[in-house]
>>> print(open('run_31.pdb').read())   # PDB, C-alpha atoms and all ligand atoms
MODEL        1
ATOM      1  CA  MET A  91       0.000   0.000   0.000
ATOM      2  CA  LEU A  92       2.785   2.445   0.996
ATOM      3  CA  GLU A  93       6.259   1.988  -0.364
ATOM      4  CA  VAL A  94       9.066   4.329   0.624
ATOM      5  CA  ARG A  95      12.117   3.745  -1.551
ATOM      6  CA  ASN A  96      15.458   5.115  -0.471
ATOM      7  CA  ILE A  97      14.303   8.669   0.198
ATOM      8  CA  SER A  98      16.550  11.475   1.360
ATOM      9  CA  TYR A  99      15.746  15.051   2.246
ATOM     10  CA  GLN A 100      17.993  17.974   2.909
ATOM     11  CA  ILE A 101      17.557  21.590   3.953
ATOM     12  CA  ARG A 102      20.463  23.830   3.153
ATOM     13  CA  ASN A 103      23.450  21.606   3.885
ATOM     14  CA  ARG A 104      21.763  19.520   6.551
ATOM     15  CA  LYS A 105      20.480  16.008   5.745
ATOM     16  CA  LEU A 106      17.223  15.501   7.630
ATOM     17  CA  LEU A 107      16.584  12.072   6.109
ATOM     18  CA  ASP A 108      19.099   9.773   4.551
ATOM     19  CA  GLY A 109      18.281   6.648   2.533
ATOM     20  CA  VAL A 110      15.026   5.701   4.255
ATOM     21  CA  SER A 111      13.130   2.680   2.876
ATOM     22  CA  PHE A 112      10.188   0.699   4.226
ATOM     23  CA  GLN A 113       6.819  -0.696   3.209
ATOM     24  CA  ALA A 114       3.472  -0.748   4.964
ATOM     25  CA  LYS A 115       0.826  -3.175   3.777
ATOM     26  CA  ALA A 116      -2.928  -2.785   3.699
ATOM     27  CA  GLY A 117      -4.301  -3.882   7.062
ATOM     28  CA  GLU A 118      -1.144  -2.816   8.872
ATOM     29  CA  LEU A 119      -0.507  -0.145  11.503
ATOM     30  CA  LEU A 120       3.037   1.159  11.217
ATOM     31  CA  ALA A 121       4.444   3.322  13.999
ATOM     32  CA  ILE A 122       7.315   5.754  13.482
ATOM     33  CA  VAL A 123       9.304   6.417  16.648
ATOM     34  CA  GLY A 124      12.503   8.260  17.488
ATOM     35  CA  ALA A 125      13.899  11.094  19.572
ATOM     36  CA  ASN A 126      12.962  14.754  19.055
ATOM     37  CA  GLY A 127      14.391  15.984  15.774
ATOM     38  CA  ALA A 128      15.027  12.470  14.401
ATOM     39  CA  GLY A 129      13.068  13.273  11.226
ATOM     40  CA  LYS A 130       9.684  11.640  11.928
ATOM     41  CA  SER A 131       7.455  14.547  10.840
ATOM     42  CA  THR A 132       9.668  15.230   7.843
ATOM     43  CA  LEU A 133       9.282  11.595   6.810
ATOM     44  CA  LEU A 134       5.504  11.774   7.216
ATOM     45  CA  LYS A 135       5.346  14.991   5.172
ATOM     46  CA  LEU A 136       7.279  13.313   2.365
ATOM     47  CA  CYS A 137       4.822  10.392   2.454
ATOM     48  CA  THR A 138       1.816  12.735   2.244
ATOM     49  CA  ARG A 139       3.346  15.039  -0.430
ATOM     50  CA  GLU A 140       3.436  18.059   1.836
ATOM     51  CA  LEU A 141       7.152  17.977   0.984
ATOM     52  CA  THR A 142       8.736  16.502  -2.118
ATOM     53  CA  THR A 143      11.656  14.107  -2.014
ATOM     54  CA  LEU A 144      15.062  15.133  -3.278
ATOM     55  CA  SER A 145      15.906  11.565  -4.140
ATOM     56  CA  GLY A 146      14.105   8.259  -3.944
ATOM     57  CA  GLU A 147      10.389   7.665  -4.387
ATOM     58  CA  VAL A 148       7.185   7.262  -2.419
ATOM     59  CA  ARG A 149       4.498   4.994  -3.902
ATOM     60  CA  LEU A 150       0.907   4.671  -2.773
ATOM     61  CA  ASP A 151      -0.940   1.632  -4.003
ATOM     62  CA  LYS A 152       1.864   0.892  -6.510
ATOM     63  CA  LYS A 153       1.641   4.383  -8.042
ATOM     64  CA  SER A 154       4.188   7.139  -7.562
ATOM     65  CA  LEU A 155       2.987   9.909  -5.260
ATOM     66  CA  THR A 156       3.955  12.446  -7.917
ATOM     67  CA  ALA A 157       1.491  10.886 -10.401
ATOM     68  CA  TYR A 158      -1.582  11.594  -8.247
ATOM     69  CA  SER A 159      -3.771  14.642  -8.840
ATOM     70  CA  ASP A 160      -4.654  16.557  -5.651
ATOM     71  CA  LYS A 161      -8.192  15.172  -5.763
ATOM     72  CA  GLU A 162      -7.048  11.580  -6.306
ATOM     73  CA  LEU A 163      -4.678  11.933  -3.383
ATOM     74  CA  ALA A 164      -7.382  13.355  -1.129
ATOM     75  CA  LEU A 165      -9.515  10.294  -1.862
ATOM     76  CA  VAL A 166      -6.825   7.860  -0.852
ATOM     77  CA  ARG A 167      -5.009   9.415   2.074
ATOM     78  CA  ALA A 168      -6.013  11.519   5.058
ATOM     79  CA  VAL A 169      -3.614  13.347   7.352
ATOM     80  CA  LEU A 170      -3.867  14.403  10.969
ATOM     81  CA  PRO A 171      -1.042  16.949  11.292
ATOM     82  CA  GLN A 172       0.924  17.629  14.447
ATOM     83  CA  GLN A 173      -0.099  21.246  14.712
ATOM     84  CA  ASN A 174      -3.638  22.435  14.987
ATOM     85  CA  SER A 175      -3.873  25.436  12.691
ATOM     86  CA  VAL A 176      -7.579  26.307  13.016
ATOM     87  CA  VAL A 177      -8.008  29.969  13.931
ATOM     88  CA  PHE A 178     -11.435  30.787  12.433
ATOM     89  CA  PRO A 179     -14.474  30.230  14.642
ATOM     90  CA  PHE A 180     -15.847  27.219  12.731
ATOM     91  CA  LEU A 181     -18.492  25.081  14.333
ATOM     92  CA  VAL A 182     -17.368  21.557  15.148
ATOM     93  CA  SER A 183     -19.908  20.167  12.645
ATOM     94  CA  GLU A 184     -18.567  22.484   9.894
ATOM     95  CA  LEU A 185     -14.985  21.463  10.569
ATOM     96  CA  VAL A 186     -15.756  17.765  10.313
ATOM     97  CA  LEU A 187     -17.716  18.364   7.122
ATOM     98  CA  MET A 188     -14.541  19.860   5.643
ATOM     99  CA  GLY A 189     -13.188  16.319   5.621
ATOM    100  CA  ARG A 190     -15.836  15.627   2.971
ATOM    101  CA  TYR A 191     -14.633  18.398   0.576
ATOM    102  CA  PRO A 192     -12.978  15.943  -1.830
ATOM    103  CA  HIS A 193     -16.337  14.144  -2.179
ATOM    104  CA  PHE A 194     -18.582  17.002  -3.330
ATOM    105  CA  ASP A 195     -18.355  19.996  -5.672
ATOM    106  CA  PHE A 196     -20.552  22.753  -4.226
ATOM    107  CA  HIS A 197     -23.028  21.347  -1.715
ATOM    108  CA  PRO A 198     -22.585  18.427   0.636
ATOM    109  CA  SER A 199     -25.062  15.589   0.055
ATOM    110  CA  ASP A 200     -27.164  13.948   2.764
ATOM    111  CA  HIS A 201     -24.581  11.186   2.705
ATOM    112  CA  ASP A 202     -21.770  13.678   3.447
ATOM    113  CA  TYR A 203     -23.718  15.007   6.442
ATOM    114  CA  TYR A 204     -24.375  11.442   7.556
ATOM    115  CA  VAL A 205     -20.668  10.516   7.370
ATOM    116  CA  ALA A 206     -19.630  13.655   9.273
ATOM    117  CA  GLU A 207     -22.187  12.893  11.981
ATOM    118  CA  THR A 208     -21.147   9.243  12.188
ATOM    119  CA  ALA A 209     -17.457  10.178  12.435
ATOM    120  CA  LEU A 210     -18.194  12.671  15.227
ATOM    121  CA  LYS A 211     -20.167  10.015  17.090
ATOM    122  CA  LYS A 212     -17.325   7.573  16.574
ATOM    123  CA  VAL A 213     -14.884   9.830  18.451
ATOM    124  CA  GLY A 214     -17.493  10.563  21.138
ATOM    125  CA  MET A 215     -17.864  14.251  20.183
ATOM    126  CA  TRP A 216     -21.348  14.401  18.670
ATOM    127  CA  GLU A 217     -22.740  16.384  21.608
ATOM    128  CA  PHE A 218     -20.170  19.106  20.765
ATOM    129  CA  ALA A 219     -21.368  19.434  17.134
ATOM    130  CA  SER A 220     -22.747  22.960  17.524
ATOM    131  CA  ARG A 221     -19.858  24.291  19.645
ATOM    132  CA  VAL A 222     -17.262  26.679  18.209
ATOM    133  CA  PHE A 223     -14.173  24.563  17.577
ATOM    134  CA  THR A 224     -11.679  27.053  19.054
ATOM    135  CA  THR A 225     -13.512  26.993  22.404
ATOM    136  CA  LEU A 226     -12.865  23.270  22.884
ATOM    137  CA  SER A 227     -10.098  21.918  25.097
ATOM    138  CA  GLY A 228      -6.914  20.632  23.448
ATOM    139  CA  GLY A 229      -7.938  16.981  23.755
ATOM    140  CA  GLU A 230     -11.468  17.698  22.486
ATOM    141  CA  GLN A 231     -10.032  19.540  19.478
ATOM    142  CA  GLN A 232      -7.761  16.597  18.732
ATOM    143  CA  ARG A 233     -10.722  14.188  18.725
ATOM    144  CA  VAL A 234     -12.718  16.474  16.412
ATOM    145  CA  GLN A 235      -9.747  16.688  14.057
ATOM    146  CA  LEU A 236      -9.615  12.903  14.033
ATOM    147  CA  ALA A 237     -13.316  12.833  13.103
ATOM    148  CA  ARG A 238     -12.555  15.191  10.177
ATOM    149  CA  VAL A 239      -9.758  12.926   9.002
ATOM    150  CA  LEU A 240     -11.869   9.779   9.348
ATOM    151  CA  ALA A 241     -14.778  11.440   7.507
ATOM    152  CA  GLN A 242     -12.470  12.098   4.557
ATOM    153  CA  ILE A 243     -11.739   8.419   3.931
ATOM    154  CA  TRP A 244     -14.768   6.884   5.668
ATOM    155  CA  ASP A 245     -16.296   5.299   2.591
ATOM    156  CA  VAL A 246     -13.387   4.878   0.192
ATOM    157  CA  PRO A 247     -12.576   1.213  -0.473
ATOM    158  CA  LYS A 248      -8.994   1.490   0.758
ATOM    159  CA  GLY A 249      -6.758   4.263   1.896
ATOM    160  CA  ILE A 250      -4.024   5.417   4.210
ATOM    161  CA  LEU A 251      -4.363   7.251   7.458
ATOM    162  CA  PHE A 252      -1.353   9.374   8.456
ATOM    163  CA  LEU A 253      -1.386  10.516  12.075
ATOM    164  CA  ASP A 254       1.365  12.762  13.471
ATOM    165  CA  GLU A 255       1.494  12.378  17.248
ATOM    166  CA  PRO A 256      -2.280  11.820  17.471
ATOM    167  CA  THR A 257      -2.295  11.142  21.208
ATOM    168  CA  THR A 258      -0.899  14.570  22.156
ATOM    169  CA  GLY A 259      -3.196  16.200  24.689
ATOM    170  CA  LEU A 260      -5.363  13.118  25.117
ATOM    171  CA  ASP A 261      -6.048  11.475  28.466
ATOM    172  CA  LEU A 262      -5.163   7.808  28.956
ATOM    173  CA  LEU A 263      -8.543   6.451  27.879
ATOM    174  CA  HIS A 264      -8.674   8.596  24.750
ATOM    175  CA  GLN A 265      -5.082   7.770  23.795
ATOM    176  CA  HIS A 266      -6.080   4.122  23.601
ATOM    177  CA  GLN A 267      -9.389   4.906  21.913
ATOM    178  CA  MET A 268      -7.524   6.951  19.277
ATOM    179  CA  LEU A 269      -5.262   4.030  18.440
ATOM    180  CA  GLU A 270      -8.117   1.520  18.626
ATOM    181  CA  LEU A 271      -9.906   3.618  16.001
ATOM    182  CA  ALA A 272      -6.821   3.614  13.788
ATOM    183  CA  ARG A 273      -6.669  -0.161  14.207
ATOM    184  CA  GLU A 274     -10.351  -0.482  13.345
ATOM    185  CA  PHE A 275      -9.566   1.214  10.022
ATOM    186  CA  THR A 276      -6.668  -1.142   9.379
ATOM    187  CA  GLN A 277      -9.020  -4.055   9.965
ATOM    188  CA  LYS A 278     -11.167  -2.678   7.126
ATOM    189  CA  GLY A 279      -8.096  -3.002   4.873
ATOM    190  CA  PHE A 280      -6.639   0.457   5.387
ATOM    191  CA  CYS A 281      -3.079   1.200   6.298
ATOM    192  CA  ALA A 282      -2.224   3.518   9.192
ATOM    193  CA  VAL A 283       1.097   5.300   9.631
ATOM    194  CA  VAL A 284       1.347   6.846  13.064
ATOM    195  CA  ILE A 285       4.092   8.898  14.712
ATOM    196  CA  LEU A 286       4.223   8.053  18.400
ATOM    197  CA  HIS A 287       6.420   9.209  21.254
ATOM    198  CA  ASP A 288       5.068   6.642  23.687
ATOM    199  CA  LEU A 289       6.970   3.427  23.000
ATOM    200  CA  ASN A 290       4.468   1.426  25.036
ATOM    201  CA  LEU A 291       1.601   2.564  22.813
ATOM    202  CA  ALA A 292       3.735   1.775  19.762
ATOM    203  CA  ALA A 293       4.495  -1.703  21.137
ATOM    204  CA  GLN A 294       0.831  -2.381  21.918
ATOM    205  CA  TYR A 295      -0.743  -1.166  18.684
ATOM    206  CA  ALA A 296       1.815  -1.384  15.882
ATOM    207  CA  ASP A 297       2.266  -4.320  13.559
ATOM    208  CA  GLN A 298       5.534  -2.791  12.467
ATOM    209  CA  ILE A 299       7.759  -0.090  13.951
ATOM    210  CA  VAL A 300      10.234   2.143  12.141
ATOM    211  CA  MET A 301      12.720   3.568  14.635
ATOM    212  CA  LEU A 302      14.570   6.632  13.338
ATOM    213  CA  ARG A 303      17.840   8.058  14.564
ATOM    214  CA  SER A 304      19.261  11.244  13.032
ATOM    215  CA  GLY A 305      17.361  10.775   9.782
ATOM    216  CA  ARG A 306      18.242   7.110   9.279
ATOM    217  CA  ILE A 307      16.437   3.908  10.146
ATOM    218  CA  GLU A 308      17.996   2.429  13.278
ATOM    219  CA  ALA A 309      15.637  -0.547  13.494
ATOM    220  CA  ILE A 310      12.576  -1.818  11.660
ATOM    221  CA  GLY A 311      10.295  -4.767  12.285
ATOM    222  CA  ARG A 312       7.780  -6.143  14.765
ATOM    223  CA  PRO A 313       7.651  -4.428  18.185
ATOM    224  CA  GLN A 314       9.575  -7.317  19.808
ATOM    225  CA  GLU A 315      12.376  -6.845  17.290
ATOM    226  CA  VAL A 316      12.610  -3.068  17.490
ATOM    227  CA  ILE A 317      11.893  -2.267  21.132
ATOM    228  CA  THR A 318      15.038  -3.577  22.792
ATOM    229  CA  VAL A 319      17.242  -2.333  25.606
ATOM    230  CA  GLU A 320      20.024  -1.738  23.068
ATOM    231  CA  THR A 321      18.036   0.232  20.466
ATOM    232  CA  ILE A 322      16.461   2.417  23.148
ATOM    233  CA  LYS A 323      19.878   3.128  24.651
ATOM    234  CA  HIS A 324      21.282   4.006  21.233
ATOM    235  CA  VAL A 325      18.358   6.072  19.968
ATOM    236  CA  PHE A 326      17.093   7.774  23.137
ATOM    237  CA  ASN A 327      20.239   7.557  25.269
ATOM    238  CA  LEU A 328      18.113   5.988  27.959
ATOM    239  CA  ASN A 329      18.595   2.910  30.149
ATOM    240  CA  VAL A 330      15.367   0.956  30.430
ATOM    241  CA  TRP A 331      13.883  -2.215  31.816
ATOM    242  CA  LEU A 332      11.719  -4.282  29.492
ATOM    243  CA  VAL A 333       8.874  -6.320  30.941
ATOM    244  CA  GLU A 334       6.305  -8.488  29.217
ATOM    245  CA  HIS A 335       2.891  -6.968  28.737
ATOM    246  CA  PRO A 336       0.554  -8.969  31.019
ATOM    247  CA  GLU A 337      -2.042  -9.476  28.259
ATOM    248  CA  LEU A 338      -0.362  -8.895  24.914
ATOM    249  CA  ASP A 339       2.636 -10.429  23.216
ATOM    250  CA  CYS A 340       4.760  -7.265  23.344
ATOM    251  CA  PRO A 341       7.347  -5.595  25.553
ATOM    252  CA  MET A 342       6.680  -2.698  27.882
ATOM    253  CA  VAL A 343       9.310  -0.078  28.554
ATOM    254  CA  ILE A 344      10.184   1.196  32.031
ATOM    255  CA  PRO A 345      12.959   3.787  32.252
ATOM    256  CA  GLN A 346      15.558   2.996  34.936
ATOM    257  CA  GLN A 347      15.019   5.651  37.595
ATOM    258  CA  HIS A 348      18.559   5.869  38.971
ATOM    259  CA  GLN A 349      19.812   7.566  35.793
ATOM    260  CA  PHE A 350      17.613  10.606  36.500
ATOM    261  CA  SER A 351      18.045  11.096  40.217
ATOM    262  CA  ASN A 352      19.602   9.793  43.410
ATOM    263  CA  ARG A 353      16.222   9.284  45.065
ATOM    264  CA  HIS A 354      16.660   5.493  45.345
TER     265      HIS A 354
HETATM  266  N1  LIG B 401      12.265  23.970   7.495
HETATM  267  C1  LIG B 401      13.292  23.558   8.257
HETATM  268  N2  LIG B 401      14.445  24.263   8.306
HETATM  269  C2  LIG B 401      15.492  23.843   9.043
HETATM  270  N3  LIG B 401      15.468  22.721   9.791
HETATM  271  C3  LIG B 401      14.348  21.982   9.785
HETATM  272  C4  LIG B 401      13.201  22.344   9.010
HETATM  273  N4  LIG B 401      12.238  21.421   9.205
HETATM  274  C5  LIG B 401      12.761  20.519  10.072
HETATM  275  N5  LIG B 401      14.012  20.851  10.416
HETATM  276  C6  LIG B 401      14.893  20.130  11.348
HETATM  277  O1  LIG B 401      14.927  18.794  10.923
HETATM  278  C7  LIG B 401      14.994  17.910  12.027
HETATM  279  C8  LIG B 401      13.874  16.902  11.938
HETATM  280  O2  LIG B 401      12.639  17.568  12.161
HETATM  281  P1  LIG B 401      11.290  16.760  12.349
HETATM  282  O3  LIG B 401      10.215  17.741  12.628
HETATM  283  O4  LIG B 401      11.112  15.851  11.209
HETATM  284  O5  LIG B 401      11.639  15.907  13.652
HETATM  285  P2  LIG B 401      10.712  14.961  14.526
HETATM  286  O6  LIG B 401      11.400  13.644  14.639
HETATM  287  O7  LIG B 401       9.328  14.942  14.002
HETATM  288  O8  LIG B 401      10.795  15.720  15.931
HETATM  289  P3  LIG B 401       9.749  15.867  17.164
HETATM  290  O9  LIG B 401       9.718  14.541  17.852
HETATM  291  O10 LIG B 401      10.427  16.908  18.009
HETATM  292  O11 LIG B 401       8.418  16.309  16.612
HETATM  293  C9  LIG B 401      14.938  18.798  13.272
HETATM  294  O12 LIG B 401      16.243  18.976  13.770
HETATM  295  C10 LIG B 401      14.372  20.111  12.751
HETATM  296  O13 LIG B 401      14.855  21.200  13.511
ENDMDL
END
>>> encode(input="run_31.pdb", output="structure tokens")
Amino acid sequence: MLEVRNISYQIRNRKLLDGVSFQAKAGELLAIVGANGAGKSTLLKLCTRELTTLSGEVRLDKKSLTAYSDKELALVRAVLPQQNSVVFPFLVSELVLMGRYPHFDFHPSDHDYYVAETALKKVGMWEFASRVFTTLSGGEQQRVQLARVLAQIWDVPKGILFLDEPTTGLDLLHQHQMLELAREFTQKGFCAVVILHDLNLAAQYADQIVMLRSGRIEAIGRPQEVITVETIKHVFNLNVWLVEHPELDCPMVIPQQHQFSNRH
């Protein structure tokens, strides 16, 4: 579904990404992890065509990203960006309906309204439909933005969901609900590419993890292969304990406390 072939990206003389390659299949949730500044958002922007690659190629559904028209692209991939840039006082219902723009020319159909309503219900924000978006709390705004993104690709046969740090500002329950929703889409045959800072969430929800370090792939594979004491030390400069998740077949990361303080 998504094929990233040997891409590099540079600003002025600084290489932000260097020879990055990976694939994500339909039905798969791929997490991108790495320290601040490792190149995660840059990589996501190259995959969504917000930036264009200097070398290498990104393919969606076996077709080069450069060969898609804007409309075609909007019908196959939806993006939840890291920064919330809404400044106008849109109603929540209007904002979610914007996710349907690629589906209608001038006026939304009953079906578009239905999808927007269903997506808002899905993220538990339907009761906020007539509120002004900018008056919502950070976590509420994030859930509405997710509804907009889901509405965009709700009824396309297959697509890709790109989420840049989607759990920012969400409480524990909603962090898991956010990733459960992404997983639900992958079970419908979609592919989800999600930047996560929380390695435990990545371990619990990802089928595959790409771990970046200074613009290069440090490790790639299943959570058990990527989340190791050694990779975490190398990438995050952090000593950790790994324990088995009590329910799932994945590791959980606990930072060793003594490296931060002399409390113990
Ligand atoms: N337009 C730009 N001009 C100069 N440097 C940039 C530009 N965009 C990104 N960078 C730098 O490239 C590096 C990678 O940035 P990027 O946003 O991809 O990192 P990230 O892994 O997503 O970080 P974070 O976890 O902090 O969000 C950073 O050091 C950043 O400062």
>>> residues_around(input="run_31.pdb", residues="Asn329 in chain A", least_positions_apart="6", cutoff="10 Å", atoms="only C-alpha atoms", output="ChimeraX atom specification")
/A:319-320,322-323,343-349
>>> resolve_selection(input="run_31.pdb", expression="the PyMOL selection byres (((chain A and resi 300) around 7) and not hetatm)", output="list in words")
Ala121, Ile122, Val123, Gln298, Ile299, Met301, Leu302, Ile307, Ala309, Ile310 and Gly311 of chain A
>>> resolve_selection(input="run_31.pdb", expression="the PyMOL selection byres (((chain A and resi 162) around 12) and not hetatm)", output="ChimeraX atom specification")
/A:150-151,153,155-161,163-168,192-193,243,246,249
>>> residues_near_ligand(input="run_31.pdb", ligand="ligand LIG 401 (chain B)", cutoff="12 Å", atoms="all atoms listed in the file", output="PyMOL selection string")
chain A and resi 99-108+122-136+140-141+171-173+253-256+258+284-288+300-307+325-326
>>> closest_residue(input="run_31.pdb", among="A:Arg95, A:Phe178, A:Asp202, A:Lys115", to="Thr143 in chain A", atoms="all atoms listed in the file")
A:Arg95
>>> axis_aligned_box(input="run_31.pdb", around="range 315-320 of chain A", padding_each_side="8 Å", output="JSON")
{"center_x": 16.0, "center_y": -4.3, "center_z": 21.4, "size_x": 24.1, "size_y": 21.1, "size_z": 24.3}
>>> closest_residue(input="run_31.pdb", among="A:Leu144, A:Leu236, A:Leu226, A:Leu263", to="Ala209 in chain A", atoms="all atoms listed in the file")
A:Leu236
>>> atom_distance(input="run_31.pdb", atom1="CA of Leu251 in chain A", atom2="CA of Val169 in chain A")
6.1 Å
>>> closest_residue(input="run_31.pdb", among="A:Ser227, A:Phe218, A:Val110, A:Leu181", to="Leu260 in chain A", atoms="only C-alpha atoms")
A:Ser227
>>> residues_around(input="run_31.pdb", residues="Asn174 in chain A", least_positions_apart="6", cutoff="10 Å", atoms="all atoms listed in the file", output="MDAnalysis selection string")
chainID A and resid 228 231:232 235
>>> atom_distance(input="run_31.pdb", atom1="CA of Cys281 in chain A", atom2="CA of Pro247 in chain A")
11.7 Å
>>> resolve_selection(input="run_31.pdb", expression="the PyMOL selection byres (((chain A and resi 333) around 12) and not hetatm)", output="ChimeraX atom specification")
/A:290,293,314,317-319,330-332,334-345
>>> write_last_selection(input="run_31.pdb", atoms="C-alpha atoms", output="short mmCIF file (atom, residue, chain, number, x, y, z; two decimals), keeping the file's coordinate frame")
data_model
loop_
_atom_site.label_atom_id
_atom_site.label_comp_id
_atom_site.auth_asym_id
_atom_site.auth_seq_id
_atom_site.Cartn_x
_atom_site.Cartn_y
_atom_site.Cartn_z
CA ASN A 290 4.47 1.43 25.04
CA ALA A 293 4.50 -1.70 21.14
CA GLN A 314 9.57 -7.32 19.81
CA ILE A 317 11.89 -2.27 21.13
CA THR A 318 15.04 -3.58 22.79
CA VAL A 319 17.24 -2.33 25.61
CA VAL A 330 15.37 0.96 30.43
CA TRP A 331 13.88 -2.22 31.82
CA LEU A 332 11.72 -4.28 29.49
CA GLU A 334 6.30 -8.49 29.22
CA HIS A 335 2.89 -6.97 28.74
CA PRO A 336 0.55 -8.97 31.02
CA GLU A 337 -2.04 -9.48 28.26
CA LEU A 338 -0.36 -8.90 24.91
CA ASP A 339 2.64 -10.43 23.22
CA CYS A 340 4.76 -7.26 23.34
CA PRO A 341 7.35 -5.60 25.55
CA MET A 342 6.68 -2.70 27.88
CA VAL A 343 9.31 -0.08 28.55
CA ILE A 344 10.18 1.20 32.03
CA PRO A 345 12.96 3.79 32.25
#
>>> atom_distance(input="run_31.pdb", atom1="CA of Ala116 in chain A", atom2="CA of Ala206 in chain A")
24.1 Å
>>> residues_around(input="run_31.pdb", residues="Glu270 in chain A", least_positions_apart="6", cutoff="12 Å", atoms="all atoms listed in the file", output="list in words")
Leu119, Lys212, Val213, Pro256, Thr257, Leu263, His264, Thr276, Gln277, Ala282, Leu291, Ala292, Gln294, Tyr295 and Ala296 of chain A
>>> closest_residue(input="run_31.pdb", among="A:Met188, A:Met91, A:Val176, A:Leu240", to="Glu118 in chain A", atoms="all atoms listed in the file")
A:Met91
>>> closest_residue(input="run_31.pdb", among="A:Glu315, A:Glu184, A:Asp297, A:Glu230", to="Gly214 in chain A", atoms="all atoms listed in the file")
A:Glu230
>>> closest_residue(input="run_31.pdb", among="A:Thr321, A:Gln265, A:Gln242, A:Ser183", to="Trp216 in chain A", atoms="all atoms listed in the file")
A:Ser183
>>> decode(input="run_31.pdb", residues="range 150-163 of chain A", atoms="N, CA and C atoms", output="compact mmCIF listing (two decimals), in the first residue's frame")
# COMPACT_ATOMS: atom_id res chain seq x y z
N LEU A 150 2.14 5.04 -3.47
CA LEU A 150 0.91 4.67 -2.77
C LEU A 150 0.16 3.75 -3.70
N ASP A 151 -0.18 2.57 -3.20
CA ASP A 151 -0.94 1.63 -4.00
C ASP A 151 -0.25 1.42 -5.37
N LYS A 152 1.03 1.21 -5.34
CA LYS A 152 1.86 0.89 -6.51
C LYS A 152 2.01 2.05 -7.50
N LYS A 153 1.53 3.24 -7.13
CA LYS A 153 1.64 4.38 -8.04
C LYS A 153 2.45 5.48 -7.36
N SER A 154 3.33 6.10 -8.13
CA SER A 154 4.19 7.14 -7.56
C SER A 154 3.34 8.30 -7.03
N LEU A 155 3.72 8.81 -5.88
CA LEU A 155 2.99 9.91 -5.26
C LEU A 155 2.90 11.12 -6.20
N THR A 156 3.92 11.30 -7.01
CA THR A 156 3.95 12.45 -7.92
C THR A 156 2.93 12.31 -9.05
N ALA A 157 2.43 11.09 -9.29
CA ALA A 157 1.49 10.89 -10.40
C ALA A 157 0.03 11.12 -9.99
N TYR A 158 -0.21 11.36 -8.71
CA TYR A 158 -1.58 11.59 -8.25
C TYR A 158 -1.98 13.05 -8.45
N SER A 159 -3.24 13.28 -8.88
CA SER A 159 -3.77 14.64 -8.84
C SER A 159 -4.13 14.93 -7.38
N ASP A 160 -4.32 16.21 -7.04
CA ASP A 160 -4.65 16.56 -5.65
C ASP A 160 -5.93 15.85 -5.21
N LYS A 161 -6.91 15.79 -6.12
CA LYS A 161 -8.19 15.17 -5.76
C LYS A 161 -8.03 13.66 -5.54
N GLU A 162 -7.30 13.03 -6.46
CA GLU A 162 -7.05 11.58 -6.31
C GLU A 162 -6.38 11.29 -4.97
N LEU A 163 -5.42 12.14 -4.63
CA LEU A 163 -4.68 11.93 -3.38
C LEU A 163 -5.60 12.10 -2.17
